[in-house]
Structures are given as structure tokens and as C-alpha cells.
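Since the structure comes first, as C-alpha cells, the remarks are kept for the end.
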Amino acid sequence: MRSPKDFFRPLAIGAPDPVREIPFRPSRMIHFFDPSNPKMVAKVPDLAPKVDILLGNLEDAVAAEHKEAARAGLVEVGRSWDPSGGTQLWTRVNALDSPWVLDDLTTLVAEIGDRLDVVMLPKVEGAEDIHYADRLLAQLEARAGLQRPLLLHAILETARGVANVEEICLASPRMQGLSLGPADLAADRRMKTTRVGGGHPGYLVREDPPDGDVDASRATAQQDLWHYTVARMVDACGVAGILPFYGPFGDIKDTVACEDQFRNAYLLGCVGAWSLHPVQIGIAKQVFSPEPAEVAWAKRVVEAMGDGTGAVMLDGKMQDDATYKQCQVVLDLARSLAERDPDLAREYDL
């Protein structure tokens, strides 16, 4: 049994001390790009200021014959990366059971470990996966002489991963957050959908028959296949003090449904979502930023509540310590976004 006192000691001699709290920086979108594509790499300087997180993808969507090129392309990006702009640089490495992941980690930590913020691990199934990556990263950080530890982000893509989600979140101080991986998870669960994220027209509820007439016209409502998984992921992240993200929405053209799905995740507690195409960047930025009217109301409640105890009435609505805490969540997010976005600072009057 591991002592709690040892949890925040480095796992390798000379490695940096683990973090004690996960920093919450603007994280409305994790924008994926393929580092094996020279045209995409050339666009990075223009793209980086527009996103909160830029992720060099080494795993899915990169063909086997392009894996080394993708790794080299990300090293090129990292060497010229300017972290002063506030955008985070992440990578998604190949799965732990792949023949590429060891080279991914050893190369990236040695070459650009001081520029990377987070390593995203696909198909995490249990705490043992995090323990392995945790120890390996500590060894590599010590060898590279890094002054700060890299953080880990796990993707829920298997039924076993969902079943073990709490222990995954609590497996290491490096754990930064979780993302939903709906396509792989659907396949692993044997769900009968070929969509990447979003609802399904066949997954619905129907009104009861009027006067017992089952043949009468009845309204239906499409349901969200991912509600349970996202809610469980959010709760597990809340317990561990880490950050939940919605994953990809695959229908690039359906911007309306993408916005709806992102908003559902935002309301449930997710801090951001993946963007697979530039058109989704603006959607994520809008959805995961509180509305100015919501921020103004939160300010009113906090100002009226003073120290947050007791209860007050505002516009006929009771406000107490619970609503005070809800409003603090909105204000904390608004302030962090306002520090990075002057337009939002003006809209929020912060």
C-alpha cells in the first residue's frame, strides 16, 4: 500500500516534484492537427493564437507509414513554440499497446518536453495504464532535466475505462483531465451507431397514446446516447479535482447539432470540447464562454450575498449559499477567460 505522503514525491531521482493542484487555464477547445502534414504545420503560427489548446495528433487519423513524420513534425512545432501567447501545446501519443508509443514519449520529452503541457493517452482502461506512463515520464523528465512535470489526460474509449473511471482520475497527481472518445467507446460497447458523437434519431422517447390509441400521431424527442457517460465522467473528474472535456463531433457540416452537443456538455460541467475543423473553433469558443447576461447576474448575486451566508431575494428569486457557489463558478470562469480575451473582458465588464 502506498502512503499518501509519497503521492507527491517524484517517481524518479531528479524528476520534478508533482503538481499539487491542476491549473485551470482557458480550455474551451482542444484543436487537433496532423503534424505529418507540412501544410498544417505551416499554419500553426496563425492558428495558435485562435485556440486555447493546440494538439499535435500522433494516433488515430495518422497512417502507420506517417507515424515517424508526425512525431518529427510535432518536434518541429515544439522547437519554435512560443508559450507566452497563452495557448497550451498538447499531444496525443499512440496507444500504450502500440509499437510507436515508447518512441513518442522518449522523443517528445527529450526534444520538446519544456514546451509541452499535456500528454493525452488514448484507450486508458485502468489505473495501471496511468501508473506506467507516470513512472516512465518521471524517468524521462529526470534524464531531460525538466523543471516541471508533464501532465496526463486520458480518453475514455472502452467499457472497462468507463467502469474504472474513478480510479483512473485518482491514479496520479499528473492527471489533468478526461475526454470522451465516443467512436471507439461505441464499438467497444457494441452500440449500433456509426456516428462520432451526438445523438441518434433511433434513440428516442415517445408520448403516451392519446386515449389509448396507439396508432395516433405522437410527438417524439431524440435522446443523447452519451448523457450517462459524460455525467459519470464529470463526477469522477470533480472528485479528483481535474477537468472533463467532451470529445469529437464528427459531422463537420452540421454546425447546429455540434453547438447543441457542446452546450449539453458545457451545462453538465465540461470545460471544453475537441475541435476537428476550424469551423468548430468558434462554436466551442462561444459555447464554453458564459453569456454576458449570465456573468452580470452572477455578479449581482455575489454582491448581494456578501460573505455568501444567509439568503436574499433578487427579482423574485431566492438566492442562498448554494446559488452563491454556482455564481462563483461562472465568475471564476469568466475572469480566467477575460484575462486571455480582451473582447470578453469588455463584454463581461471585468
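In the C-alpha cells, each chain is lettered A, B, ... as it comes, each chain's residues begin at 1, and ligands are numbered from 1 in order of appearance.
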
Selection: 7 Å around Asp52 (chain A), only C-alpha atoms, excl. self and same-chain fewer than 5 positions, as a list in words:
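These residues fall inside the cut-off: Pro26, Ser27, Arg28, Met29, Ile30, Thr87 and Gln88 of chain A.
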
Output the selection as a PDB file, in the first residue's frame - N, CA, C and O atoms for each residue.
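For reference, result_27.pdb as written:
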ATOM      1  N   PRO A  26      -7.792  28.753 -19.615  1.00  0.00           N
ATOM      2  CA  PRO A  26      -8.819  28.644 -20.658  1.00  0.00           C
ATOM      3  C   PRO A  26      -8.612  27.395 -21.503  1.00  0.00           C
ATOM      4  O   PRO A  26      -7.528  27.154 -22.036  1.00  0.00           O
ATOM      5  N   SER A  27      -9.648  26.571 -21.598  1.00  0.00           N
ATOM      6  CA  SER A  27      -9.534  25.257 -22.240  1.00  0.00           C
ATOM      7  C   SER A  27     -10.801  24.938 -23.018  1.00  0.00           C
ATOM      8  O   SER A  27     -11.281  23.805 -23.013  1.00  0.00           O
ATOM      9  N   ARG A  28     -11.339  25.938 -23.718  1.00  0.00           N
ATOM     10  CA  ARG A  28     -12.634  25.765 -24.365  1.00  0.00           C
ATOM     11  C   ARG A  28     -12.585  24.810 -25.540  1.00  0.00           C
ATOM     12  O   ARG A  28     -13.569  24.151 -25.843  1.00  0.00           O
ATOM     13  N   MET A  29     -11.455  24.737 -26.206  1.00  0.00           N
ATOM     14  CA  MET A  29     -11.326  23.793 -27.307  1.00  0.00           C
ATOM     15  C   MET A  29      -9.922  23.198 -27.334  1.00  0.00           C
ATOM     16  O   MET A  29      -8.930  23.873 -27.065  1.00  0.00           O
ATOM     17  N   ILE A  30      -9.875  21.886 -27.616  1.00  0.00           N
ATOM     18  CA  ILE A  30      -8.618  21.199 -27.911  1.00  0.00           C
ATOM     19  C   ILE A  30      -8.621  21.008 -29.419  1.00  0.00           C
ATOM     20  O   ILE A  30      -9.353  20.163 -29.943  1.00  0.00           O
ATOM     21  N   THR A  87      -1.524  30.016 -25.330  1.00  0.00           N
ATOM     22  CA  THR A  87      -2.067  28.772 -25.878  1.00  0.00           C
ATOM     23  C   THR A  87      -1.250  27.591 -25.372  1.00  0.00           C
ATOM     24  O   THR A  87      -0.020  27.629 -25.364  1.00  0.00           O
ATOM     25  N   GLN A  88      -1.944  26.544 -24.960  1.00  0.00           N
ATOM     26  CA  GLN A  88      -1.270  25.336 -24.491  1.00  0.00           C
ATOM     27  C   GLN A  88      -0.934  24.432 -25.673  1.00  0.00           C
ATOM     28  O   GLN A  88      -1.705  24.333 -26.616  1.00  0.00           O
TER      29      GLN A  88
END

Near region 111-125 of chain A, 9 Å: region 173-192 of chain A residue rows, closest pairs, only C-alpha atoms, as a tab-separated table:
residue	atom	partner	partner_atom	distance
A:Gln176	CA	A:Val118	CA	7.7
A:Leu178	CA	A:Met120	CA	8.8
A:Gly181	CA	A:Lys123	CA	8.4
A:Asp184	CA	A:Lys123	CA	8.3
A:Leu185	CA	A:Lys123	CA	8.9

List the spatial neighbours of Arg195 (chain A) as a PyMOL selection string - criterion: any atom at most 9 Å away, only C-alpha atoms, same-chain residues fewer than 6 positions off excluded.
chain A and resi 182-183+186+249-251

Residue subset to file, keeping N, CA and C atoms, as a JSON list (two decimals), in the first residue's frame:
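Wrote out_33.json, looks like this:
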[["chain", "number", "residue", "atom", "x", "y", "z"],
["A", 182, "PRO", "N", -16.14, 8.91, -28.16],
["A", 182, "PRO", "CA", -17.39, 8.21, -28.46],
["A", 182, "PRO", "C", -17.29, 7.13, -29.53],
["A", 183, "ALA", "N", -16.45, 7.29, -30.54],
["A", 183, "ALA", "CA", -16.42, 6.31, -31.63],
["A", 183, "ALA", "C", -15.87, 4.97, -31.15],
["A", 186, "ALA", "N", -18.21, 3.41, -28.59],
["A", 186, "ALA", "CA", -19.39, 2.79, -29.20],
["A", 186, "ALA", "C", -19.06, 1.41, -29.74],
["A", 249, "PHE", "N", -16.99, 15.85, -32.34],
["A", 249, "PHE", "CA", -18.28, 15.80, -33.02],
["A", 249, "PHE", "C", -17.96, 15.66, -34.50],
["A", 250, "GLY", "N", -18.26, 14.48, -35.05],
["A", 250, "GLY", "CA", -17.72, 14.12, -36.35],
["A", 250, "GLY", "C", -18.36, 14.75, -37.56],
["A", 251, "ASP", "N", -19.62, 15.21, -37.46],
["A", 251, "ASP", "CA", -20.31, 15.78, -38.61],
["A", 251, "ASP", "C", -19.94, 17.25, -38.74]]

List as a ChimeraX atom specification the protein and nucleic acid residues near region 12-14 of chain A, meaning an atom at most 10 Å away when only C-alpha atoms are counted, but skip any in the same chain fewer than 4 places from it.
/A:134-147

Tell me, as a compact mmCIF listing (two decimals) with N, CA, C and O atoms, in the first residue's frame, which residues lie within 8 Å of Ser275 (chain A), counting only C-alpha atoms; anything in the same chain fewer than 3 positions away does not count.
# COMPACT_ATOMS: atom_id res chain seq x y z
N MET A 29 -11.45 24.74 -26.21
CA MET A 29 -11.33 23.79 -27.31
C MET A 29 -9.92 23.20 -27.33
O MET A 29 -8.93 23.87 -27.06
N ILE A 30 -9.87 21.89 -27.62
CA ILE A 30 -8.62 21.20 -27.91
C ILE A 30 -8.62 21.01 -29.42
O ILE A 30 -9.35 20.16 -29.94
N HIS A 31 -7.84 21.81 -30.13
CA HIS A 31 -7.87 21.75 -31.59
C HIS A 31 -6.79 20.81 -32.11
O HIS A 31 -5.61 20.98 -31.83
N PHE A 32 -7.23 19.80 -32.85
CA PHE A 32 -6.33 18.77 -33.36
C PHE A 32 -5.73 19.19 -34.69
O PHE A 32 -6.41 19.77 -35.54
N PRO A 248 -14.89 14.48 -29.73
CA PRO A 248 -15.13 14.98 -31.09
C PRO A 248 -16.61 14.93 -31.47
O PRO A 248 -17.37 14.08 -31.01
N PHE A 249 -16.99 15.85 -32.34
CA PHE A 249 -18.28 15.80 -33.02
C PHE A 249 -17.96 15.66 -34.50
O PHE A 249 -17.43 16.57 -35.12
N PRO A 278 -11.53 23.95 -38.35
CA PRO A 278 -11.57 25.35 -37.90
C PRO A 278 -12.98 25.88 -37.65
O PRO A 278 -13.17 26.75 -36.79
N GLN A 280 -15.28 24.51 -36.09
CA GLN A 280 -15.72 24.16 -34.75
C GLN A 280 -15.02 24.97 -33.65
O GLN A 280 -15.47 24.96 -32.51
N ILE A 281 -13.97 25.69 -34.01
CA ILE A 281 -13.27 26.51 -33.03
C ILE A 281 -14.18 27.60 -32.49
O ILE A 281 -14.32 27.80 -31.28
N ALA A 284 -16.98 26.20 -30.21
CA ALA A 284 -16.51 25.89 -28.86
C ALA A 284 -16.23 27.16 -28.06
O ALA A 284 -16.55 27.24 -26.87

Using DSSP assignments from the backbone, pull out every residue in region 36-238 of chain A that falls under helix (DSSP H, G or I) and give it to me as an NGL selection string.
:A and (38-50 or 64-79 or 83-85 or 101-112 or 127-144 or 159-163 or 165-169 or 182-189 or 210-212 or 227-238)

Residues of region 16-45 of chain A within 10 Å of region 150-164 of chain A: nearest atom pair and distance (Å, one decimal) for each, counting only C-alpha atoms, sorted by chain and number, as a Markdown table?
| residue | atom | partner | partner_atom | distance |
| --- | --- | --- | --- | --- |
| A:Pro16 | CA | A:Leu150 | CA | 9.4 |
| A:Pro18 | CA | A:Leu150 | CA | 9.0 |
| A:Val19 | CA | A:Leu151 | CA | 8.7 |
| A:Ile22 | CA | A:Leu151 | CA | 8.7 |

Please compute the CA of Ala133 (chain A)-CA of Pro83 (chain A) distance, one decimal, in Å.
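Distance reported for this atom pair: 24.3 Å.
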
Nearest to Gln328 (chain A), chosen from A:Val302, A:Gly272, A:Val165, A:Ala187, with only C-alpha atoms counted in the distances
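Ranked by minimum distance to Gln328 (chain A), first place goes to A:Val302.
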
Where in region 17-75 of chain A does DSSP assign strand (DSSP E or B), given as a PDB file with C-alpha atoms, in the first residue's frame?
ATOM      1  CA  MET A  29     -11.326  23.793 -27.307  1.00  0.00           C
ATOM      2  CA  ILE A  30      -8.618  21.199 -27.911  1.00  0.00           C
ATOM      3  CA  HIS A  31      -7.873  21.749 -31.594  1.00  0.00           C
ATOM      4  CA  PHE A  32      -6.332  18.771 -33.357  1.00  0.00           C
ATOM      5  CA  PHE A  33      -3.818  18.998 -36.188  1.00  0.00           C
ATOM      6  CA  ILE A  53      -5.215  24.298 -26.732  1.00  0.00           C
ATOM      7  CA  LEU A  54      -3.412  23.095 -29.858  1.00  0.00           C
ATOM      8  CA  LEU A  55      -2.856  19.344 -30.004  1.00  0.00           C
ATOM      9  CA  GLY A  56      -0.424  17.541 -32.286  1.00  0.00           C
ATOM     10  CA  ASN A  57      -2.108  14.231 -33.046  1.00  0.00           C
TER      11      ASN A  57
END

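Using only C-alpha atoms, the nearest neighbour of Gly238 (chain A) within the list A:Cys270, A:Leu331, A:Leu105, A:Leu11 is A:Cys270.
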
Excluding region 309-315 of chain A and residues on its chain fewer than 5 positions from it, collect all residues at most 10 Å away from it, counting only C-alpha atoms, and give them as a list of chain:residue names.
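Residues near the query, excluding close chain neighbours: A:Trp297, A:Arg300, A:Val301, A:Ala304, A:Asp320, A:Asp321, A:Ala322, A:Thr323, A:Tyr324.
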